[in-house]
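Listing of input_4.cif; format and content: mmCIF, C-alpha atoms (C1' of nucleotides).
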data_input
#
loop_
_atom_site.label_atom_id
_atom_site.label_comp_id
_atom_site.auth_asym_id
_atom_site.auth_seq_id
_atom_site.Cartn_x
_atom_site.Cartn_y
_atom_site.Cartn_z
CA MET A 16 -3.10 -5.24 -7.23
CA VAL A 17 -4.51 -3.57 -10.28
CA THR A 18 -2.58 -4.35 -13.44
CA ASP A 19 -4.35 -2.96 -16.48
CA GLN A 20 -3.34 0.39 -17.89
CA LEU A 21 -6.66 2.15 -17.48
CA SER A 22 -7.03 1.07 -13.87
CA MET A 23 -3.53 2.26 -13.10
CA THR A 24 -4.19 5.59 -14.73
CA PHE A 25 -7.45 6.13 -12.88
CA ALA A 26 -5.88 5.05 -9.59
CA ALA A 27 -3.02 7.49 -10.14
CA LEU A 28 -5.48 10.30 -10.83
CA ALA A 29 -7.58 9.50 -7.76
CA ASP A 30 -5.39 11.61 -5.50
CA PRO A 31 -5.43 15.41 -5.23
CA THR A 32 -1.70 15.61 -4.54
CA ARG A 33 -0.88 13.67 -7.67
CA ARG A 34 -3.27 15.73 -9.77
CA ALA A 35 -1.65 18.89 -8.41
CA ILE A 36 1.75 17.54 -9.37
CA LEU A 37 0.53 16.88 -12.90
CA ALA A 38 -0.96 20.36 -13.09
CA ARG A 39 2.36 21.81 -12.00
CA LEU A 40 4.17 19.84 -14.69
CA THR A 41 2.05 21.37 -17.44
CA ARG A 42 4.14 24.49 -16.78
CA GLY A 43 7.33 22.58 -17.50
CA GLU A 44 9.79 20.15 -15.98
CA ALA A 45 10.45 20.26 -12.26
CA THR A 46 12.68 18.58 -9.70
CA VAL A 47 11.36 16.51 -6.82
CA LYS A 48 12.23 19.33 -4.45
CA GLU A 49 10.29 21.85 -6.48
CA LEU A 50 7.34 19.52 -6.70
CA SER A 51 7.39 18.95 -2.94
CA ALA A 52 7.40 22.65 -2.12
CA PRO A 53 3.64 23.32 -2.18
CA PHE A 54 2.83 20.36 0.06
CA ALA A 55 3.07 19.85 3.81
CA MET A 56 4.44 16.40 3.21
CA SER A 57 7.77 14.64 3.54
CA GLY A 58 10.09 14.00 0.62
CA PRO A 59 9.55 10.23 0.63
CA ALA A 60 5.79 10.77 0.43
CA ILE A 61 6.23 12.84 -2.73
CA SER A 62 8.69 10.26 -4.00
CA LYS A 63 6.03 7.59 -3.71
CA HIS A 64 3.46 9.72 -5.49
CA LEU A 65 5.94 10.24 -8.30
CA ARG A 66 6.54 6.53 -8.56
CA VAL A 67 2.81 5.92 -8.88
CA LEU A 68 2.61 8.55 -11.62
CA GLU A 69 5.61 7.05 -13.35
CA HIS A 70 4.22 3.52 -13.28
CA ALA A 71 1.00 4.86 -14.74
CA GLY A 72 3.05 6.42 -17.53
CA LEU A 73 1.90 9.91 -16.61
CA ILE A 74 5.39 11.24 -16.01
CA SER A 75 8.92 10.33 -16.94
CA ARG A 76 12.12 11.18 -15.14
CA GLY A 77 15.44 12.39 -16.40
CA ARG A 78 18.79 12.63 -14.72
CA GLU A 79 20.72 15.86 -14.39
CA ALA A 80 23.50 15.93 -11.83
CA GLN A 81 21.85 15.31 -8.45
CA TRP A 82 18.43 16.24 -9.73
CA ARG A 83 15.87 13.95 -11.26
CA PRO A 84 13.66 16.28 -13.28
CA CYS A 85 10.10 15.10 -13.87
CA ARG A 86 8.35 15.60 -17.17
CA LEU A 87 4.66 15.28 -17.95
CA GLU A 88 3.68 12.37 -20.21
CA ALA A 89 0.04 12.96 -20.93
CA ALA A 90 -0.52 10.10 -23.37
CA PRO A 91 -2.58 8.03 -20.91
CA MET A 92 -4.96 10.97 -20.59
CA ARG A 93 -6.05 10.21 -24.10
CA GLU A 94 -7.42 6.85 -23.01
CA VAL A 95 -9.16 8.56 -20.13
CA THR A 96 -11.10 10.87 -22.42
CA GLU A 97 -11.81 8.05 -24.81
CA PHE A 98 -13.26 6.07 -21.94
CA ALA A 99 -15.38 8.92 -20.62
CA GLU A 100 -16.52 9.88 -24.11
CA GLN A 101 -18.37 6.58 -24.32
CA TYR A 102 -20.71 7.99 -21.71
CA ARG A 103 -21.24 11.35 -23.32
CA ARG A 104 -24.72 10.48 -24.55
CA PHE A 105 -25.71 9.75 -20.95
CA TRP A 106 -24.38 12.99 -19.48
CA ASP A 107 -27.55 14.88 -20.04
CA GLU A 108 -30.37 13.35 -18.08
CA SER A 109 -32.89 14.19 -20.73
CA TYR A 110 -31.01 11.95 -23.13
CA ALA A 111 -31.19 9.07 -20.68
CA ARG A 112 -34.88 9.66 -19.99
CA LEU A 113 -35.77 9.81 -23.64
CA ASP A 114 -33.73 6.70 -24.19
CA SER A 115 -35.40 4.66 -21.47
CA TYR A 116 -38.77 5.93 -22.63
CA LEU A 117 -38.11 4.71 -26.13
CA GLN A 118 -36.86 1.42 -24.74
CA THR A 119 -40.06 0.98 -22.76
CA LEU A 120 -42.11 1.60 -25.87
CA GLN A 121 -40.07 -0.92 -27.77
CA GLN A 122 -40.33 -3.56 -25.04
CA LYS A 123 -44.10 -3.25 -24.73
CA ASP A 124 -44.44 -3.36 -28.47
CA GLY A 125 -48.23 -3.41 -28.17
CA THR A 126 -48.29 -7.17 -27.58
CA ASP A 127 -47.91 -7.32 -23.85
CA ASP A 128 -49.66 -5.15 -21.30
CA MET B 16 -9.72 8.87 2.89
CA VAL B 17 -10.43 10.71 -0.30
CA THR B 18 -13.30 13.18 -0.10
CA ASP B 19 -13.45 15.39 -3.20
CA GLN B 20 -15.75 14.51 -6.05
CA LEU B 21 -13.10 14.05 -8.72
CA SER B 22 -10.99 11.77 -6.54
CA MET B 23 -14.02 9.68 -5.71
CA THR B 24 -14.94 9.39 -9.36
CA PHE B 25 -11.43 8.38 -10.41
CA ALA B 26 -11.17 5.91 -7.52
CA ALA B 27 -14.48 4.37 -8.51
CA LEU B 28 -13.31 4.01 -12.10
CA ALA B 29 -9.99 2.45 -11.10
CA ASP B 30 -11.47 -1.03 -10.95
CA PRO B 31 -12.25 -3.26 -13.95
CA THR B 32 -15.27 -4.83 -12.27
CA ARG B 33 -16.82 -1.44 -11.62
CA ARG B 34 -16.12 -0.26 -15.16
CA ALA B 35 -17.74 -3.44 -16.49
CA ILE B 36 -20.79 -2.75 -14.34
CA LEU B 37 -21.04 0.76 -15.76
CA ALA B 38 -20.66 -0.58 -19.28
CA ARG B 39 -23.48 -3.04 -18.62
CA LEU B 40 -25.69 -0.22 -17.35
CA THR B 41 -25.37 1.69 -20.60
CA ARG B 42 -27.68 -1.00 -21.98
CA GLY B 43 -30.30 -0.15 -19.38
CA GLU B 44 -31.22 -0.69 -15.76
CA ALA B 45 -30.30 -3.93 -14.05
CA THR B 46 -30.77 -5.62 -10.71
CA VAL B 47 -27.89 -6.53 -8.42
CA LYS B 48 -28.36 -10.17 -9.35
CA GLU B 49 -28.14 -9.41 -13.05
CA LEU B 50 -25.07 -7.30 -12.50
CA SER B 51 -23.39 -10.07 -10.48
CA ALA B 52 -23.99 -12.70 -13.14
CA PRO B 53 -20.89 -12.10 -15.32
CA PHE B 54 -18.50 -12.17 -12.35
CA ALA B 55 -17.06 -15.02 -10.31
CA MET B 56 -17.64 -13.02 -7.20
CA SER B 57 -20.00 -13.12 -4.24
CA GLY B 58 -23.09 -10.95 -3.92
CA PRO B 59 -21.69 -8.83 -1.09
CA ALA B 60 -18.61 -8.07 -3.18
CA ILE B 61 -20.81 -6.69 -5.96
CA SER B 62 -22.86 -4.88 -3.35
CA LYS B 63 -19.74 -3.09 -2.18
CA HIS B 64 -18.77 -2.15 -5.72
CA LEU B 65 -22.24 -0.73 -6.24
CA ARG B 66 -21.97 1.31 -3.08
CA VAL B 67 -18.68 2.79 -4.28
CA LEU B 68 -20.28 3.67 -7.61
CA GLU B 69 -23.30 5.15 -5.84
CA HIS B 70 -21.17 7.30 -3.55
CA ALA B 71 -19.30 8.56 -6.58
CA GLY B 72 -22.64 9.50 -8.11
CA LEU B 73 -22.09 7.16 -11.05
CA ILE B 74 -25.21 5.12 -10.41
CA SER B 75 -28.49 5.53 -8.58
CA ARG B 76 -30.77 2.86 -7.20
CA GLY B 77 -34.49 2.46 -7.32
CA ARG B 78 -36.79 0.16 -5.42
CA GLU B 79 -39.10 -2.29 -7.04
CA ALA B 80 -40.47 -5.05 -4.84
CA GLN B 81 -37.45 -7.04 -3.62
CA TRP B 82 -35.25 -5.72 -6.39
CA ARG B 83 -33.11 -2.65 -6.28
CA PRO B 84 -32.55 -1.72 -9.92
CA CYS B 85 -29.39 0.23 -10.68
CA ARG B 86 -29.36 3.05 -13.17
CA LEU B 87 -26.38 4.75 -14.78
CA GLU B 88 -25.76 8.34 -13.76
CA ALA B 89 -23.03 9.50 -16.07
CA ALA B 90 -22.84 13.12 -14.99
CA PRO B 91 -19.50 12.71 -13.16
CA MET B 92 -18.00 11.47 -16.42
CA ARG B 93 -18.34 14.98 -17.70
CA GLU B 94 -15.87 16.22 -15.11
CA VAL B 95 -13.56 13.39 -16.05
CA THR B 96 -13.39 14.48 -19.66
CA GLU B 97 -13.09 18.11 -18.65
CA PHE B 98 -10.14 17.18 -16.50
CA ALA B 99 -8.41 15.11 -19.15
CA GLU B 100 -9.12 17.70 -21.83
CA GLN B 101 -6.79 20.08 -20.00
CA TYR B 102 -4.00 17.77 -21.04
CA ARG B 103 -4.99 17.40 -24.65
CA ARG B 104 -2.27 19.71 -25.91
CA PHE B 105 0.30 17.43 -24.25
CA TRP B 106 -1.00 14.18 -25.71
CA ASP B 107 1.14 14.40 -28.74
CA GLU B 108 4.79 14.42 -27.81
CA SER B 109 5.67 16.62 -30.71
CA TYR B 110 3.49 19.34 -29.26
CA ALA B 111 5.39 19.18 -26.01
CA ARG B 112 8.74 19.14 -27.76
CA LEU B 113 7.88 22.05 -29.99
CA ASP B 114 6.56 23.87 -26.98
CA SER B 115 9.66 23.44 -24.87
CA TYR B 116 11.78 24.31 -27.90
CA LEU B 117 9.93 27.56 -28.35
CA GLN B 118 10.19 28.23 -24.65
CA THR B 119 13.92 27.76 -24.81
CA LEU B 120 14.18 30.17 -27.72
CA GLN B 121 12.09 32.67 -25.86
CA GLN B 122 14.18 32.42 -22.74
CA LYS B 123 17.44 32.75 -24.64
CA ASP B 124 16.85 35.74 -26.90
CA GLY B 125 13.43 37.05 -26.01
CA THR B 126 11.97 36.68 -29.51
CA ASP B 127 9.02 34.59 -30.50
CA ASP B 128 7.44 33.89 -33.84
"C1'" DG C 1 -47.72 -18.33 9.06
"C1'" DC C 2 -43.94 -20.11 6.31
"C1'" DA C 3 -40.70 -20.91 2.56
"C1'" DT C 4 -38.29 -18.47 -1.16
"C1'" DT C 5 -35.82 -14.88 -3.26
"C1'" DA C 6 -33.14 -10.35 -3.47
"C1'" DA C 7 -30.17 -7.58 -1.33
"C1'" DA C 8 -27.81 -5.50 2.53
"C1'" DT C 9 -25.10 -5.84 6.79
"C1'" DA C 10 -21.60 -7.64 10.05
"C1'" DA C 11 -17.41 -9.50 11.06
"C1'" DC C 12 -13.36 -10.91 9.47
"C1'" DC C 13 -8.94 -11.28 6.58
"C1'" DG C 14 -4.81 -10.20 3.64
"C1'" DA C 15 -2.82 -6.92 0.80
"C1'" DG C 16 -1.91 -2.41 -0.58
"C1'" DA C 17 -2.06 2.85 -0.04
"C1'" DG C 18 -0.32 6.78 2.05
"C1'" DG C 19 2.08 8.63 5.45
"C1'" DT C 20 6.16 8.84 8.81
"C1'" DT C 21 11.41 8.82 10.45
"C1'" DA C 22 16.00 7.24 9.83
"C1'" DG C 23 19.53 5.86 6.98
"C1'" DA C 24 21.73 5.01 2.31
"C1'" DT C 25 23.27 6.84 -2.46
"C1'" DA C 26 25.05 9.80 -5.46
"C1'" DA C 27 26.49 14.00 -7.47
"C1'" DC C 28 28.28 18.55 -6.71
"C1'" DC C 29 31.71 21.90 -4.49
"C1'" DA C 30 35.46 23.65 -1.62
"C1'" DT D 1 39.04 14.57 1.44
"C1'" DG D 2 34.93 15.94 3.52
"C1'" DG D 3 30.53 18.55 3.52
"C1'" DT D 4 26.27 19.79 1.37
"C1'" DT D 5 22.31 18.89 -1.33
"C1'" DA D 6 18.89 15.99 -3.77
"C1'" DT D 7 16.80 11.85 -3.89
"C1'" DC D 8 15.76 7.08 -2.95
"C1'" DT D 9 15.25 2.99 0.13
"C1'" DA D 10 13.99 0.56 4.38
"C1'" DA D 11 11.19 -0.25 8.04
"C1'" DC D 12 7.27 0.78 10.21
"C1'" DC D 13 2.33 2.33 11.22
"C1'" DT D 14 -2.54 2.94 10.36
"C1'" DC D 15 -6.38 2.82 7.47
"C1'" DT D 16 -8.72 1.51 3.35
"C1'" DC D 17 -9.88 -1.93 -0.32
"C1'" DG D 18 -11.51 -5.94 -2.16
"C1'" DG D 19 -12.76 -10.08 -1.11
"C1'" DT D 20 -14.93 -13.90 1.91
"C1'" DT D 21 -18.85 -16.38 4.85
"C1'" DA D 22 -22.69 -16.04 7.85
"C1'" DT D 23 -26.54 -13.53 9.21
"C1'" DT D 24 -30.37 -10.22 8.74
"C1'" DT D 25 -33.89 -7.57 6.45
"C1'" DA D 26 -37.58 -7.11 3.27
"C1'" DA D 27 -40.78 -8.32 -0.21
"C1'" DT D 28 -43.22 -12.20 -2.70
"C1'" DG D 29 -46.32 -16.10 -3.09
"C1'" DC D 30 -48.62 -20.05 -1.32
#

Can you present the structure in this file as structure tokens?
Amino acid sequence: MVTDQLSMTFAALADPTRRAILARLTRGEATVKELSAPFAMSGPAISKHLRVLEHAGLISRGREAQWRPCRLEAAPMREVTEFAEQYRRFWDESYARLDSYLQTLQQKDGTDD
Amino acid sequence: MVTDQLSMTFAALADPTRRAILARLTRGEATVKELSAPFAMSGPAISKHLRVLEHAGLISRGREAQWRPCRLEAAPMREVTEFAEQYRRFWDESYARLDSYLQTLQQKDGTDD
DNA sequence: GCATTAAATAACCGAGAGGTTAGATAACCA
DNA sequence: TGGTTATCTAACCTCTCGGTTATTTAATGC
């Protein structure tokens, strides 16, 4: 079982249904029923997805009569970008190639051939 | 079984061992043996992690005698940031609160600022 | 040819993910 | 009170994940 925050966030995001739910919630709160609507999937299945999202801190749930409206909590997304940003300098291959080229030069250093 | 690129990337990142491997690879290529070193884990276990990372397009592998050096391929990280960036405006709670407040105003009397 | 080293594969295991159906909870409404 | 609606829980199933050990493949060096 994965316990750290970042792993939980990534695991929660590694499912198209859950990402679709999050996308829907950017347009405002929604009930479980409303969130289920677009999917050919039982209620309990959606319920489980919501629990995963909740445990990851990506949504929170209120209580309004018999509805349990879900709200987007995008704070963990911040850590996601911060993580990925660390790799920005490697996105462009040319960066990486230049880098390894410079490294090679440095390692050889003229003393060893 | 998850098939789409983004799901595969997120799934690959949802493991601390795999993230540590990627972090190590930002310092340059490494063999499987070198990558295994920091972990109390068998070779095959690392091998499996590497395969997951390779399938996600996060690393590539060369061939040099009996070594199979791994290289970071950070391109998928770009999609990760692009995804998370969509949620930037929701990171700060106050944004969300202001937003829903304005929405409420708009719904009630049809005027905005 | 033979021993050594690096890495992958095979077979297995336990736990967890993602889905199902059926039943329980809880709030509304007549 | 009882019925309807929204949601969760329980129990179950199958498949994947992350790990193991044992074996195999492939390249090196003597």

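In the superposition of chain A on chain B, with all Cα atoms paired by position, the RMSD stands at 2.6 Å.
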
Name the residues that the PyMOL selection byres ((chain D and resi 2-9) around 10) picks from the file above, as a PyMOL selection string, using the file's chain letters and numbers.
(chain A and resi 46-48+58-59+62-63+80-83) or (chain C and resi 23-30) or (chain D and resi 1+10-11)

Take the selection from the previous step and output its residues with C-alpha atoms (C1' of nucleotides), as a JSON list (two decimals), keeping the file's coordinate frame.
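Result written to selection.json:
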[["chain", "number", "residue", "atom", "x", "y", "z"],
["A", 46, "THR", "CA", 12.68, 18.58, -9.70],
["A", 47, "VAL", "CA", 11.36, 16.51, -6.82],
["A", 48, "LYS", "CA", 12.23, 19.33, -4.45],
["A", 58, "GLY", "CA", 10.09, 14.00, 0.62],
["A", 59, "PRO", "CA", 9.55, 10.23, 0.63],
["A", 62, "SER", "CA", 8.69, 10.26, -4.00],
["A", 63, "LYS", "CA", 6.03, 7.59, -3.71],
["A", 80, "ALA", "CA", 23.50, 15.93, -11.83],
["A", 81, "GLN", "CA", 21.85, 15.31, -8.45],
["A", 82, "TRP", "CA", 18.43, 16.24, -9.73],
["A", 83, "ARG", "CA", 15.87, 13.95, -11.26],
["C", 23, "DG", "C1'", 19.53, 5.86, 6.98],
["C", 24, "DA", "C1'", 21.73, 5.01, 2.31],
["C", 25, "DT", "C1'", 23.27, 6.84, -2.46],
["C", 26, "DA", "C1'", 25.05, 9.80, -5.46],
["C", 27, "DA", "C1'", 26.49, 14.00, -7.47],
["C", 28, "DC", "C1'", 28.28, 18.55, -6.71],
["C", 29, "DC", "C1'", 31.71, 21.90, -4.49],
["C", 30, "DA", "C1'", 35.46, 23.65, -1.62],
["D", 1, "DT", "C1'", 39.04, 14.57, 1.44],
["D", 10, "DA", "C1'", 13.99, 0.56, 4.38],
["D", 11, "DA", "C1'", 11.19, -0.25, 8.04]]

Given the file shown, determine the residues that the PyMOL selection byres ((chain D and resi 25) around 9) selects; report them as a PyMOL selection string.
(chain C and resi 7-9) or (chain D and resi 24+26)

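On the file presented, the PyMOL selection byres ((chain D and resi 15) around 12) picks out Met16 and Val17 of chain B; DG16, DA17, DG18 and DG19 of chain C; DC13, DT14, DT16 and DC17 of chain D.
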
Find the residues of range 28-107 of chain B that sit at most 9 Å from range 19-39 of chain A; for each, write down the nearest two atoms and how far apart they are in Å, to one decimal. Count only C-alpha atoms. Sort by chain, then by number going up, and give it as a Markdown table.
| residue | atom | partner | partner_atom | distance |
| --- | --- | --- | --- | --- |
| B:Leu28 | CA | A:Phe25 | CA | 6.3 |
| B:Ala29 | CA | A:Ser22 | CA | 4.3 |
| B:Asp30 | CA | A:Ser22 | CA | 5.7 |
| B:Pro31 | CA | A:Ser22 | CA | 6.8 |
| B:Tyr102 | CA | A:Ala38 | CA | 8.9 |

Output the selection as a PDB file, in the frame of the given file - C-alpha atoms for each residue.
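What landed in result_1.pdb:
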ATOM      1  CA  LEU B  28     -13.310   4.010 -12.100  1.00  0.00           C
ATOM      2  CA  ALA B  29      -9.990   2.450 -11.100  1.00  0.00           C
ATOM      3  CA  ASP B  30     -11.470  -1.030 -10.950  1.00  0.00           C
ATOM      4  CA  PRO B  31     -12.250  -3.260 -13.950  1.00  0.00           C
ATOM      5  CA  TYR B 102      -4.000  17.770 -21.040  1.00  0.00           C
TER       6      TYR B 102
END
